[in-house]
Amino acid sequence: MKGVANNHIVVPRRSERRFYGHGIPGVDLEQLAGKLIVVEGADGSGRSTQIARLVEWLEGSGHATVQVGLKRSTLVSEELEQAQEGNILSRTTLSLFYATDFADQLENIILPALKAGFVVLADRYIYTLMARDMVRGMDETWLKNLYGLALEPDAVFYLNVPPEELVQRTFAKNAALDYWESGMDQGLSRDLFDSFMKYQTAMQKTFRRLQSSYGFTIVDGMRPADVINAELRKKISAVLAGK
Amino acid sequence: MPCGQKTVVFHQAGFSLPGLSMKTFAELSFPGRLIAVEGLDGSGKSTQIYLLKRWLELQELKVYFSEWNSSELVKSATSKGKKRELLTPTTFSLIHATDFADRYERHLVPLLRAGYIVLCDRYIFTAFARDVVRGCPPEWVRGIYNFAALPDLTFFFKSDLEVSLKRILDGRPQLKYFEAGMDLRLSADPYESFRIFQGRILEQYLAMSTEFNFLVVDANQLVEKQQAVVRELVTQRLDLASFHRAERLPAKSPAEPHRKAKEEEPVE
């Protein structure tokens, strides 16, 4: 990898921290020395590629990293998987199940890692969860209260890729569209392709709406991976320097 | 409250206490009615709702009973969390809300639409009391449950703390970790912890009593006396005759005619 042979290690500057709402009881925000970086985007937007490269770069630069993502909690990830396979959960239940998964990781992985001074890379955060629910007609005020438990990240990057391109990338990899990523639970269309396009278009619209509340950085995901990564590194360097 | 002071409240402008705007199922024009019982562990509320259920069933009314924390879907996660002591106040609250939402959306609402009398052993007030005692912000907890309508009748079985403690501690000497509120580090002794925990929950219930129109039943009385009060109030407040099961063919035909019918079917 380029740009790794560097003996100078940047010591991250402290930044002001807050929860979006009521937060987690008993957490001392002053103690969270690490940085929380979120990469958002649809499946096929290049999230995992970018995160893998960022980890390499960060570790090469002397920063300890931890990765988190959706549906990875010890507490409910298996149950959530099972429930989703059966497609029997109604929307509030599914929403709360995901929130439980998120809260478990927030309290047991993200917050302790930040306390220990790690750079935490989150492969999606509350915004995907909120957008999915909003597309399904859930109340935005209700969701904002629910996810008021979340910590505000130091940076959020949304990899923006139009649905037409997402579909091409998905087929290049899998030759099949995912049921949930196509929003098939919503009966938008019986045709999987149509449903995917409609659902992903609605998701992008919702992300743009959330962007105005939560102010994340929209990154053009149509460019080559190297170019995108260079932009992310530059922005993360600024975050580490406390800018 | 350990939190709330240091945190910045974001996007909460114009956010009223959901309890004030919540409506009952009757107010929402559901044909069914929901009756909830609340009270401390050992207050005798489960016995009372069981007797109420039997009484309604014997009158051939459409009745459904639902218990707190009983959703099949969420059960394995909850029991894993409890066994391994993985739950924090936040995840404890969320996993119970998930359980409630599953029962609410899959059972309670459809049955209430179909004109059932739904009996709930504990409802959202249990979460309001317990989660707040565990340190969750009250507005956050109430906000999460504001998708649910209020019960049409809520019986609160008010027992002296010592009476309910004695009922639990006499019968079941082995207290479970979360049941005793051990996660709150109130005391290293589970019995002492349980006492303090239950005392705080009682305070929360009493504070909610007026706001949510609890029908307070003196739970220090004999079982029969309490049940008489409950039945009297249910008779007054509900038009029981309107919940009769419609006359229809019996679900299971007697063995004899059934076999005959089969014989008459054309053979392939």
# chains A, B, ... in the order shown; residues from 1 in each chain; ligands from 1
>>> closest_atom_pairs(of="chain A", to="chain B", cutoff="7 Å", atoms="only C-alpha atoms", output="CSV")
residue,atom,partner,partner_atom,distance
A:Arg18,CA,B:Thr7,CA,6.1
A:Phe19,CA,B:Thr7,CA,6.2
A:Tyr20,CA,B:Phe10,CA,5.4
A:Gly21,CA,B:Val9,CA,4.6
A:His22,CA,B:Gly4,CA,5.9
A:Gly23,CA,B:Thr7,CA,7.0
A:Ile24,CA,B:Thr90,CA,6.9
A:Pro25,CA,B:Cys3,CA,4.8
A:Gly26,CA,B:Pro2,CA,5.0
A:Leu75,CA,B:Gly81,CA,6.1
A:Val76,CA,B:Ala77,CA,5.5
A:Glu79,CA,B:Ala77,CA,6.5
A:Ala83,CA,B:Leu73,CA,7.0
A:Leu89,CA,B:Asp102,CA,6.9
A:Ser90,CA,B:Glu105,CA,6.5
A:Thr92,CA,B:Ala101,CA,6.2
A:Thr93,CA,B:Ala101,CA,5.0
A:Leu96,CA,B:Thr98,CA,5.2
A:Phe97,CA,B:Thr98,CA,5.7
A:Thr100,CA,B:Leu94,CA,5.5
A:Ala103,CA,B:Thr91,CA,6.2
A:Asp104,CA,B:Thr91,CA,6.2
A:Trp142,CA,B:Gly143,CA,6.4
A:Asn145,CA,B:Trp140,CA,6.2
A:Leu146,CA,B:Ile144,CA,6.1
>>> write_last_selection(atoms="N, CA and C atoms", output="compact mmCIF listing (two decimals), in the first residue's frame")
# COMPACT_ATOMS: atom_id res chain seq x y z
N ARG A 18 -21.35 14.28 22.04
CA ARG A 18 -22.72 14.32 22.56
C ARG A 18 -23.51 13.15 22.01
N PHE A 19 -24.56 12.83 22.74
CA PHE A 19 -25.53 11.88 22.23
C PHE A 19 -26.54 12.66 21.41
N TYR A 20 -27.21 11.97 20.51
CA TYR A 20 -28.22 12.66 19.72
C TYR A 20 -29.43 13.07 20.57
N GLY A 21 -29.71 12.27 21.59
CA GLY A 21 -30.88 12.56 22.43
C GLY A 21 -30.55 12.23 23.87
N HIS A 22 -31.34 11.35 24.46
CA HIS A 22 -31.15 11.03 25.87
C HIS A 22 -29.90 10.21 26.15
N GLY A 23 -29.42 9.51 25.15
CA GLY A 23 -28.18 8.76 25.30
C GLY A 23 -28.29 7.53 26.18
N ILE A 24 -27.14 7.05 26.63
CA ILE A 24 -27.07 5.85 27.44
C ILE A 24 -26.84 6.29 28.90
N PRO A 25 -27.68 5.75 29.82
CA PRO A 25 -27.51 6.15 31.22
C PRO A 25 -26.10 5.90 31.75
N GLY A 26 -25.57 6.87 32.45
CA GLY A 26 -24.32 6.68 33.18
C GLY A 26 -23.04 6.73 32.37
N LEU A 75 -26.11 -10.31 21.53
CA LEU A 75 -27.41 -10.46 22.16
C LEU A 75 -28.50 -10.98 21.22
N VAL A 76 -28.65 -10.35 20.07
CA VAL A 76 -29.82 -10.69 19.24
C VAL A 76 -29.55 -11.01 17.77
N GLU A 79 -31.10 -14.32 16.51
CA GLU A 79 -32.56 -14.29 16.56
C GLU A 79 -33.12 -13.39 15.46
N ALA A 83 -35.60 -14.51 12.52
CA ALA A 83 -36.89 -13.85 12.37
C ALA A 83 -37.04 -13.28 10.97
N LEU A 89 -41.98 -10.82 11.24
CA LEU A 89 -42.02 -9.70 12.16
C LEU A 89 -42.74 -8.52 11.53
N SER A 90 -43.57 -7.88 12.32
CA SER A 90 -44.18 -6.66 11.82
C SER A 90 -43.19 -5.51 12.01
N THR A 92 -42.84 -2.48 13.57
CA THR A 92 -42.36 -1.92 14.84
C THR A 92 -41.45 -2.92 15.54
N THR A 93 -41.83 -4.19 15.47
CA THR A 93 -41.04 -5.23 16.11
C THR A 93 -39.66 -5.33 15.48
N LEU A 96 -37.55 -2.35 16.48
CA LEU A 96 -37.04 -2.42 17.85
C LEU A 96 -35.98 -3.51 18.01
N PHE A 97 -36.12 -4.58 17.24
CA PHE A 97 -35.14 -5.66 17.28
C PHE A 97 -33.79 -5.13 16.78
N THR A 100 -32.26 -2.89 19.33
CA THR A 100 -31.65 -3.66 20.41
C THR A 100 -30.25 -4.12 20.00
N ALA A 103 -27.99 -1.06 20.08
CA ALA A 103 -27.67 -0.62 21.44
C ALA A 103 -26.68 -1.57 22.10
N ASP A 104 -26.84 -2.86 21.84
CA ASP A 104 -25.92 -3.84 22.42
C ASP A 104 -24.49 -3.60 21.93
N TRP A 142 -40.78 9.36 16.27
CA TRP A 142 -40.62 8.14 17.08
C TRP A 142 -39.20 7.59 16.91
N ASN A 145 -36.55 9.76 18.62
CA ASN A 145 -36.52 9.50 20.06
C ASN A 145 -35.80 8.19 20.35
N LEU A 146 -36.17 7.14 19.62
CA LEU A 146 -35.56 5.82 19.82
C LEU A 146 -34.04 5.91 19.67
>>> select_by_dssp(residues="region 81-194 of chain A", states="alpha helix (DSSP H)", output="PyMOL selection string")
chain A and resi 81-86+91-105+111-115+126-135+140-146+163-173+192-194
>>> closest_residue(among="A:Ala155, A:Ala33, A:Val161, A:Val10", to="Ile236 (chain A)", atoms="only C-alpha atoms")
A:Ala155
>>> residues_around(residues="Pro151 (chain B)", least_positions_apart="6", cutoff="8 Å", atoms="only C-alpha atoms", output="PDB file with N, CA and C atoms, in the first residue's frame")
ATOM      1  N   THR B  24     -57.290   5.354  24.349  1.00  0.00           N
ATOM      2  CA  THR B  24     -57.657   3.970  24.642  1.00  0.00           C
ATOM      3  C   THR B  24     -58.194   3.329  23.361  1.00  0.00           C
ATOM      4  N   PHE B  25     -58.346   2.000  23.407  1.00  0.00           N
ATOM      5  CA  PHE B  25     -58.876   1.302  22.234  1.00  0.00           C
ATOM      6  C   PHE B  25     -60.313   1.737  21.947  1.00  0.00           C
ATOM      7  N   ARG B  33     -61.950  -4.648  23.543  1.00  0.00           N
ATOM      8  CA  ARG B  33     -61.526  -3.860  24.706  1.00  0.00           C
ATOM      9  C   ARG B  33     -60.329  -4.534  25.360  1.00  0.00           C
ATOM     10  N   LEU B  34     -59.419  -3.720  25.860  1.00  0.00           N
ATOM     11  CA  LEU B  34     -58.238  -4.269  26.510  1.00  0.00           C
ATOM     12  C   LEU B  34     -58.257  -3.960  28.003  1.00  0.00           C
ATOM     13  N   ILE B  35     -58.075  -5.003  28.773  1.00  0.00           N
ATOM     14  CA  ILE B  35     -58.009  -4.856  30.235  1.00  0.00           C
ATOM     15  C   ILE B  35     -56.608  -5.275  30.677  1.00  0.00           C
ATOM     16  N   ALA B  36     -55.928  -4.401  31.394  1.00  0.00           N
ATOM     17  CA  ALA B  36     -54.581  -4.720  31.854  1.00  0.00           C
ATOM     18  C   ALA B  36     -54.543  -4.786  33.373  1.00  0.00           C
TER      19      ALA B  36
END
>>> select_by_dssp(residues="region 5-226 of chain B", states="strand (DSSP E or B)", output="ChimeraX atom specification")
/B:24,33-39,61,63-67,117-121,150,153-158,215-218
>>> residues_around(residues="region 203-208 of chain B", least_positions_apart="6", cutoff="10 Å", atoms="only C-alpha atoms", output="list in words")
Gly19, Glu38, Gly39, Leu40, Phe125, Thr126, Phe128, Ala129, Arg130, Val132, Val133, Phe156, Lys158, Phe214 and Val216 of chain B
>>> write_last_selection(atoms="C-alpha atoms", output="short mmCIF file (atom, residue, chain, number, x, y, z; two decimals), in the first residue's frame")
data_model
loop_
_atom_site.label_atom_id
_atom_site.label_comp_id
_atom_site.auth_asym_id
_atom_site.auth_seq_id
_atom_site.Cartn_x
_atom_site.Cartn_y
_atom_site.Cartn_z
CA GLY B 19 -48.97 9.59 27.74
CA GLU B 38 -50.40 -4.05 36.94
CA GLY B 39 -48.76 -4.36 40.32
CA LEU B 40 -45.65 -5.54 42.08
CA PHE B 125 -46.77 0.69 32.64
CA THR B 126 -44.51 -2.16 33.72
CA PHE B 128 -42.51 2.76 32.42
CA ALA B 129 -41.89 1.76 36.03
CA ARG B 130 -39.05 -0.74 35.67
CA VAL B 132 -37.13 4.30 34.75
CA VAL B 133 -36.01 2.67 38.01
CA PHE B 156 -53.59 -1.68 39.76
CA LYS B 158 -51.90 -2.09 45.40
CA PHE B 214 -55.57 3.20 37.31
CA VAL B 216 -56.79 0.76 42.34
#
>>> residues_around(residues="Gln226 (chain B)", least_positions_apart="2", cutoff="12 Å", atoms="only C-alpha atoms", output="JSON, numbers by chain")
{"B": [43, 44, 45, 47, 48, 49, 51, 52, 155, 156, 157, 158, 159, 215, 216, 217, 218, 219, 220, 221, 222, 223, 224, 228, 229, 230, 231, 232, 233]}
>>> write_last_selection(atoms="C-alpha atoms", output="PDB file, in the first residue's frame")
ATOM      1  CA  SER B  43     -49.339  -8.491  44.492  1.00  0.00           C
ATOM      2  CA  GLY B  44     -51.621 -11.301  43.336  1.00  0.00           C
ATOM      3  CA  LYS B  45     -52.483  -9.667  40.006  1.00  0.00           C
ATOM      4  CA  THR B  47     -54.317 -14.761  40.125  1.00  0.00           C
ATOM      5  CA  GLN B  48     -56.888 -12.021  39.706  1.00  0.00           C
ATOM      6  CA  ILE B  49     -56.596 -11.817  35.918  1.00  0.00           C
ATOM      7  CA  LEU B  51     -60.043 -15.599  37.657  1.00  0.00           C
ATOM      8  CA  LEU B  52     -61.361 -12.781  35.496  1.00  0.00           C
ATOM      9  CA  PHE B 155     -56.388  -2.497  37.402  1.00  0.00           C
ATOM     10  CA  PHE B 156     -53.586  -1.682  39.765  1.00  0.00           C
ATOM     11  CA  PHE B 157     -53.225  -4.161  42.589  1.00  0.00           C
ATOM     12  CA  LYS B 158     -51.903  -2.086  45.402  1.00  0.00           C
ATOM     13  CA  SER B 159     -50.365  -4.139  48.128  1.00  0.00           C
ATOM     14  CA  LEU B 215     -58.433   1.400  39.020  1.00  0.00           C
ATOM     15  CA  VAL B 216     -56.789   0.763  42.340  1.00  0.00           C
ATOM     16  CA  VAL B 217     -57.670  -2.518  44.033  1.00  0.00           C
ATOM     17  CA  ASP B 218     -56.626  -3.111  47.629  1.00  0.00           C
ATOM     18  CA  ALA B 219     -54.473  -6.196  47.180  1.00  0.00           C
ATOM     19  CA  ASN B 220     -54.115  -6.814  50.895  1.00  0.00           C
ATOM     20  CA  GLN B 221     -57.672  -8.184  50.925  1.00  0.00           C
ATOM     21  CA  LEU B 222     -58.749 -11.769  50.364  1.00  0.00           C
ATOM     22  CA  VAL B 223     -58.664 -13.114  46.789  1.00  0.00           C
ATOM     23  CA  GLU B 224     -62.473 -13.374  46.618  1.00  0.00           C
ATOM     24  CA  ALA B 228     -65.675  -9.287  43.376  1.00  0.00           C
ATOM     25  CA  VAL B 229     -64.414  -5.706  42.949  1.00  0.00           C
ATOM     26  CA  VAL B 230     -62.835  -6.562  39.595  1.00  0.00           C
ATOM     27  CA  ARG B 231     -65.943  -8.290  38.223  1.00  0.00           C
ATOM     28  CA  GLU B 232     -68.173  -5.461  39.430  1.00  0.00           C
ATOM     29  CA  LEU B 233     -66.040  -2.844  37.656  1.00  0.00           C
TER      30      LEU B 233
END
>>> residues_around(residues="Asn160 (chain A)", least_positions_apart="4", cutoff="8 Å", atoms="only C-alpha atoms", output="MDAnalysis selection string")
chainID A and resid 41 45 218:222
>>> write_last_selection(atoms="N, CA and C atoms", output="CSV table (one decimal), in the first residue's frame")
chain,number,residue,atom,x,y,z
A,41,GLY,N,-24.2,3.6,3.2
A,41,GLY,CA,-24.4,3.4,1.8
A,41,GLY,C,-25.1,2.1,1.5
A,45,SER,N,-22.4,-0.3,-2.7
A,45,SER,CA,-21.9,1.1,-2.8
A,45,SER,C,-20.4,1.1,-2.6
A,218,ILE,N,-21.7,13.5,1.9
A,218,ILE,CA,-22.1,12.7,0.8
A,218,ILE,C,-20.9,12.5,-0.2
A,219,VAL,N,-20.6,11.3,-0.4
A,219,VAL,CA,-19.4,11.0,-1.2
A,219,VAL,C,-19.8,10.3,-2.5
A,220,ASP,N,-19.3,10.8,-3.6
A,220,ASP,CA,-19.7,10.3,-4.9
A,220,ASP,C,-19.1,8.9,-5.1
A,221,GLY,N,-19.9,7.9,-5.0
A,221,GLY,CA,-19.4,6.5,-5.1
A,221,GLY,C,-19.2,6.0,-6.5
A,222,MET,N,-19.4,6.8,-7.5
A,222,MET,CA,-19.2,6.4,-8.8
A,222,MET,C,-17.8,6.4,-9.3
>>> closest_residue(among="A:Thr128, A:Ser195, A:Ser182, A:Thr65", to="Ala52 (chain A)", atoms="only C-alpha atoms")
A:Thr65
